[in-house]
Amino acid sequence: MADYEPIIGRYLRLELEGKPHRVYVEEAGQGVPLICLHTAGADSRQWRGLMNDPQVLERFRVIAFDLPWHGKSSPPAGWREVEEYRLTSRAYVDAIVAVADALELDRPVAMGCSIGGRIVLHLALERPDRFGAVIGLQAGAHVDPYYDTQWLHRPDVHGGEVCAGVVSGLIGPKAADADRWETLWHYMQGGPGVFKGDLYFYKVDGDIRGELQRIDTARCPVHLLSGEYDYSCTPQDTLDAAARIKGSSVTIMPGIGHFPMSEAPEAFLEHLRPVLAQVLSVRG
Amino acid sequence: MLGDLTAQVNGDAALVRRGRFVDVTFLVGIGQESWLVSVDHGRIEAVTKGPFVMPRWTFALRAGVDDWRKFWAAEPEPGFHDLFALIRHKRLTAEGDLHTFMSNLFYFKGVLGSLRGRVG
């Protein structure tokens, strides 16, 4: 008997930014739809721990998809004529809403990490009607560039090595070796310039500093969880964001870094369970 | 402070292999102290303490004494646990021709990290 995991993956045909796309979507479980968004330069495999957790799958239909250019979602035809891949807030919001619409999800919960943690704040601000709640992991309003991102995409530096090398320290020092190196492997597999293009959203286009106070948590509840070893989105960045989003909840996760769901899946789940319980109780 | 570096790196076969294409001399600045580290195919060839009159190096990594001490703590606190964490908090500067450094980040993080728990 084959030892299958509960995760099922399929390709979804979608029109994004006026072009046909094949978007790779995985799902597991039944119940309240929970859309999970991967970090910059990675893919939906980061959610493996959550999507294999029986307790979560009892109450939630967990859905994770690879953004175009990431994982198994190839770039649209004609991609090589694009001078430089750049993720924008507009395209990112539209992609998430397009997946939710295509799957006919009723007020899904959106959970994202890093760039995903940032974009769920945009969702709470712009589409409180469409999303039932958002959970931002390693979410802050803005990150100032602290190194030259040109290094991430140039033919004379191996992209996989440099992207994983840059993010390796964002993982908490006590992460299990298998989880640490699987997380880094996802970075090593990213396409040329994709991580850099995602950082355009993270460090430039997705700046939401001036608008956080406009988020209405009565319409769309906001929960923030951040690992203490993250120096990209620091715990202070998350606390600052939480202070400006009235009614939001915030959890700082000791010992964990920038990739809670993949670097420390079990420890992360212990922090997430009360948040999911809260989401369910509000939803009724 | 870099006294143990040669033994720590050269005794780690996986780290030496990771650096098998690295041939470079780089400078480590620890407060007012300078050290030159020469690497040959991933093996540390020489570690020389300054002061130097006319040092030649490809890139330099400089931080304060306390910052390096915290970086080398057996269990570093958040913000001191990685070279890029130090850079992010403006505690470490990386200067010069960074091509070799950036092309071999895992190697150089491994080299500097090899002193973790060994610097009193």
# chains A, B, ... in the order shown; residues from 1 in each chain; ligands from 1
$ select_by_dssp --residues "segment 19-132 of chain A" --states "helix (DSSP H, G or I)" --output "ChimeraX atom specification"
/A:44-47,50-52,54-59,79-81,89-102,115-126
$ closest_atom_pairs --of "segment 169-275 of chain A" --to "segment 20-43 of chain A" --cutoff "12 Å" --atoms "only C-alpha atoms" --output "tab-separated table"
residue	atom	partner	partner_atom	distance
A:Glu182	CA	A:Ala42	CA	11.0
A:Thr183	CA	A:Ala42	CA	8.4
A:Leu184	CA	A:Ala42	CA	8.9
A:Trp185	CA	A:Ala42	CA	9.0
A:His186	CA	A:Ala42	CA	5.4
A:Tyr187	CA	A:Ala42	CA	5.5
A:Met188	CA	A:Ala42	CA	8.7
A:Gln189	CA	A:Ala42	CA	7.9
A:Gly190	CA	A:Gly41	CA	5.7
A:Gly191	CA	A:Gly41	CA	8.0
A:Pro192	CA	A:Gly41	CA	9.6
A:Gly193	CA	A:Gly41	CA	8.7
A:Val194	CA	A:Gly41	CA	5.7
A:Phe195	CA	A:Gly41	CA	3.9
A:Lys196	CA	A:Gly41	CA	7.6
A:Gly197	CA	A:Gly41	CA	8.4
A:Asp198	CA	A:Ala40	CA	5.3
A:Leu199	CA	A:Ala40	CA	6.8
A:Tyr200	CA	A:Ala40	CA	9.9
A:Phe201	CA	A:Ala40	CA	9.2
A:Tyr202	CA	A:Ala40	CA	8.3
A:Lys203	CA	A:Ala40	CA	11.3
A:Ser232	CA	A:Ala40	CA	11.9
A:His258	CA	A:Thr39	CA	9.2
A:Phe259	CA	A:Thr39	CA	8.0
A:Pro260	CA	A:Thr39	CA	10.8
A:Met261	CA	A:His38	CA	9.6
A:Ser262	CA	A:His38	CA	10.1
$ write_last_selection --atoms "C-alpha atoms" --output "PDB file, in the first residue's frame"
ATOM      1  CA  GLU A 182      15.329  21.570   3.057  1.00  0.00           C
ATOM      2  CA  THR A 183      14.336  25.219   3.523  1.00  0.00           C
ATOM      3  CA  LEU A 184      17.592  26.271   1.877  1.00  0.00           C
ATOM      4  CA  TRP A 185      17.170  23.755  -0.932  1.00  0.00           C
ATOM      5  CA  HIS A 186      13.982  25.559  -1.993  1.00  0.00           C
ATOM      6  CA  TYR A 187      16.081  28.724  -2.338  1.00  0.00           C
ATOM      7  CA  MET A 188      18.765  26.858  -4.237  1.00  0.00           C
ATOM      8  CA  GLN A 189      16.106  25.778  -6.760  1.00  0.00           C
ATOM      9  CA  GLY A 190      14.719  29.234  -7.484  1.00  0.00           C
ATOM     10  CA  GLY A 191      14.881  30.537 -11.057  1.00  0.00           C
ATOM     11  CA  PRO A 192      17.385  33.249 -12.016  1.00  0.00           C
ATOM     12  CA  GLY A 193      16.340  36.652 -10.692  1.00  0.00           C
ATOM     13  CA  VAL A 194      13.141  35.436  -9.046  1.00  0.00           C
ATOM     14  CA  PHE A 195      14.199  36.004  -5.429  1.00  0.00           C
ATOM     15  CA  LYS A 196      15.545  39.414  -6.416  1.00  0.00           C
ATOM     16  CA  GLY A 197      12.294  40.234  -8.214  1.00  0.00           C
ATOM     17  CA  ASP A 198      10.267  39.279  -5.146  1.00  0.00           C
ATOM     18  CA  LEU A 199      12.439  41.555  -3.032  1.00  0.00           C
ATOM     19  CA  TYR A 200      11.327  44.444  -5.240  1.00  0.00           C
ATOM     20  CA  PHE A 201       7.909  43.963  -3.652  1.00  0.00           C
ATOM     21  CA  TYR A 202       9.400  43.400  -0.189  1.00  0.00           C
ATOM     22  CA  LYS A 203      11.743  46.385  -0.117  1.00  0.00           C
ATOM     23  CA  SER A 232      14.965  40.655   7.901  1.00  0.00           C
ATOM     24  CA  HIS A 258      12.301  33.806   9.294  1.00  0.00           C
ATOM     25  CA  PHE A 259      10.785  30.499   8.076  1.00  0.00           C
ATOM     26  CA  PRO A 260       8.731  29.173  11.009  1.00  0.00           C
ATOM     27  CA  MET A 261       6.597  26.737   8.995  1.00  0.00           C
ATOM     28  CA  SER A 262       9.554  25.026   7.324  1.00  0.00           C
TER      29      SER A 262
END
$ select_by_dssp --residues "chain B" --states "strand (DSSP E or B)" --output "ChimeraX atom specification"
/B:23-30,33-40,43-49,59-63,92-96
$ write_last_selection --atoms "N, CA and C atoms" --output "mmCIF file, in the first residue's frame"
data_model
loop_
_atom_site.group_PDB
_atom_site.id
_atom_site.type_symbol
_atom_site.label_atom_id
_atom_site.label_comp_id
_atom_site.auth_asym_id
_atom_site.auth_seq_id
_atom_site.Cartn_x
_atom_site.Cartn_y
_atom_site.Cartn_z
ATOM 1 N N ASP B 23 40.484 30.811 -3.656
ATOM 2 C CA ASP B 23 41.886 31.203 -3.478
ATOM 3 C C ASP B 23 41.880 32.707 -3.262
ATOM 4 N N VAL B 24 42.125 33.135 -2.047
ATOM 5 C CA VAL B 24 41.958 34.560 -1.762
ATOM 6 C C VAL B 24 42.666 34.928 -0.457
ATOM 7 N N THR B 25 43.031 36.191 -0.346
ATOM 8 C CA THR B 25 43.456 36.724 0.957
ATOM 9 C C THR B 25 42.437 37.781 1.362
ATOM 10 N N PHE B 26 41.875 37.596 2.547
ATOM 11 C CA PHE B 26 40.922 38.596 3.039
ATOM 12 C C PHE B 26 41.330 39.091 4.414
ATOM 13 N N LEU B 27 40.799 40.227 4.766
ATOM 14 C CA LEU B 27 41.159 40.857 6.037
ATOM 15 C C LEU B 27 39.990 40.774 7.004
ATOM 16 N N VAL B 28 40.285 40.433 8.249
ATOM 17 C CA VAL B 28 39.277 40.480 9.302
ATOM 18 C C VAL B 28 39.673 41.597 10.267
ATOM 19 N N GLY B 29 38.837 42.585 10.400
ATOM 20 C CA GLY B 29 39.077 43.682 11.338
ATOM 21 C C GLY B 29 38.307 43.421 12.619
ATOM 22 N N ILE B 30 39.030 43.371 13.732
ATOM 23 C CA ILE B 30 38.395 43.146 15.040
ATOM 24 C C ILE B 30 38.735 44.357 15.898
ATOM 25 N N GLU B 33 42.321 45.803 15.801
ATOM 26 C CA GLU B 33 43.208 44.735 15.302
ATOM 27 C C GLU B 33 42.853 44.334 13.877
ATOM 28 N N SER B 34 43.882 43.955 13.112
ATOM 29 C CA SER B 34 43.641 43.411 11.769
ATOM 30 C C SER B 34 44.320 42.053 11.628
ATOM 31 N N TRP B 35 43.660 41.188 10.909
ATOM 32 C CA TRP B 35 44.215 39.869 10.616
ATOM 33 C C TRP B 35 44.059 39.627 9.120
ATOM 34 N N LEU B 36 45.106 39.059 8.524
ATOM 35 C CA LEU B 36 45.004 38.640 7.121
ATOM 36 C C LEU B 36 44.875 37.120 7.083
ATOM 37 N N VAL B 37 43.903 36.655 6.327
ATOM 38 C CA VAL B 37 43.666 35.214 6.207
ATOM 39 C C VAL B 37 43.855 34.835 4.744
ATOM 40 N N SER B 38 44.783 33.919 4.486
ATOM 41 C CA SER B 38 45.023 33.459 3.107
ATOM 42 C C SER B 38 44.434 32.069 2.928
ATOM 43 N N VAL B 39 43.691 31.905 1.853
ATOM 44 C CA VAL B 39 43.000 30.639 1.582
ATOM 45 C C VAL B 39 43.505 30.076 0.260
ATOM 46 N N ASP B 40 43.807 28.778 0.274
ATOM 47 C CA ASP B 40 44.259 28.094 -0.940
ATOM 48 C C ASP B 40 43.364 26.875 -1.155
ATOM 49 N N ARG B 43 41.587 25.585 1.850
ATOM 50 C CA ARG B 43 42.383 25.370 3.071
ATOM 51 C C ARG B 43 42.985 26.699 3.512
ATOM 52 N N ILE B 44 43.012 26.922 4.830
ATOM 53 C CA ILE B 44 43.646 28.136 5.338
ATOM 54 C C ILE B 44 45.164 27.936 5.255
ATOM 55 N N GLU B 45 45.791 28.837 4.517
ATOM 56 C CA GLU B 45 47.236 28.719 4.293
ATOM 57 C C GLU B 45 48.009 29.517 5.345
ATOM 58 N N ALA B 46 47.475 30.684 5.706
ATOM 59 C CA ALA B 46 48.153 31.522 6.693
ATOM 60 C C ALA B 46 47.150 32.445 7.362
ATOM 61 N N VAL B 47 47.369 32.658 8.651
ATOM 62 C CA VAL B 47 46.598 33.653 9.400
ATOM 63 C C VAL B 47 47.622 34.559 10.072
ATOM 64 N N THR B 48 47.655 35.827 9.692
ATOM 65 C CA THR B 48 48.704 36.736 10.166
ATOM 66 C C THR B 48 48.070 37.915 10.872
ATOM 67 N N LYS B 49 48.585 38.193 12.062
ATOM 68 C CA LYS B 49 48.055 39.323 12.824
ATOM 69 C C LYS B 49 48.814 40.593 12.471
ATOM 70 N N PHE B 59 39.005 41.392 -0.014
ATOM 71 C CA PHE B 59 37.873 42.012 0.687
ATOM 72 C C PHE B 59 38.152 42.007 2.185
ATOM 73 N N ALA B 60 37.440 42.855 2.890
ATOM 74 C CA ALA B 60 37.644 42.986 4.334
ATOM 75 C C ALA B 60 36.308 42.907 5.064
ATOM 76 N N LEU B 61 36.318 42.221 6.189
ATOM 77 C CA LEU B 61 35.134 42.136 7.065
ATOM 78 C C LEU B 61 35.538 42.756 8.399
ATOM 79 N N ARG B 62 34.903 43.864 8.751
ATOM 80 C CA ARG B 62 35.318 44.573 9.976
ATOM 81 C C ARG B 62 34.132 44.765 10.915
ATOM 82 N N ALA B 63 34.379 44.465 12.194
ATOM 83 C CA ALA B 63 33.371 44.722 13.236
ATOM 84 C C ALA B 63 34.101 45.017 14.543
ATOM 85 N N LEU B 92 28.735 45.085 11.136
ATOM 86 C CA LEU B 92 29.818 44.532 10.306
ATOM 87 C C LEU B 92 29.797 45.246 8.969
ATOM 88 N N THR B 93 30.991 45.639 8.494
ATOM 89 C CA THR B 93 31.068 46.157 7.130
ATOM 90 C C THR B 93 31.842 45.158 6.276
ATOM 91 N N ALA B 94 31.358 44.970 5.066
ATOM 92 C CA ALA B 94 32.038 44.126 4.081
ATOM 93 C C ALA B 94 32.465 45.064 2.959
ATOM 94 N N GLU B 95 33.755 45.156 2.720
ATOM 95 C CA GLU B 95 34.230 46.141 1.737
ATOM 96 C C GLU B 95 35.276 45.506 0.812
ATOM 97 N N GLY B 96 35.582 46.207 -0.285
ATOM 98 C CA GLY B 96 36.542 45.702 -1.267
ATOM 99 C C GLY B 96 35.829 44.991 -2.396
#
$ closest_atom_pairs --of "chain B" --to "chain A" --cutoff "6 Å" --atoms "only C-alpha atoms" --output "CSV"
residue,atom,partner,partner_atom,distance
B:Pro78,CA,A:Tyr229,CA,4.8
B:Asp82,CA,A:Gly169,CA,5.2
B:Ala85,CA,A:Tyr231,CA,5.9
B:Arg88,CA,A:Tyr146,CA,5.4
B:Ser103,CA,A:Val157,CA,5.4
B:Leu105,CA,A:Gly165,CA,5.2
B:Phe106,CA,A:Gly165,CA,5.4
$ atom_distance --atom1 "atom CA of Gly132 of chain A" --atom2 "atom CA of Val109 of chain A"
5.2 Å
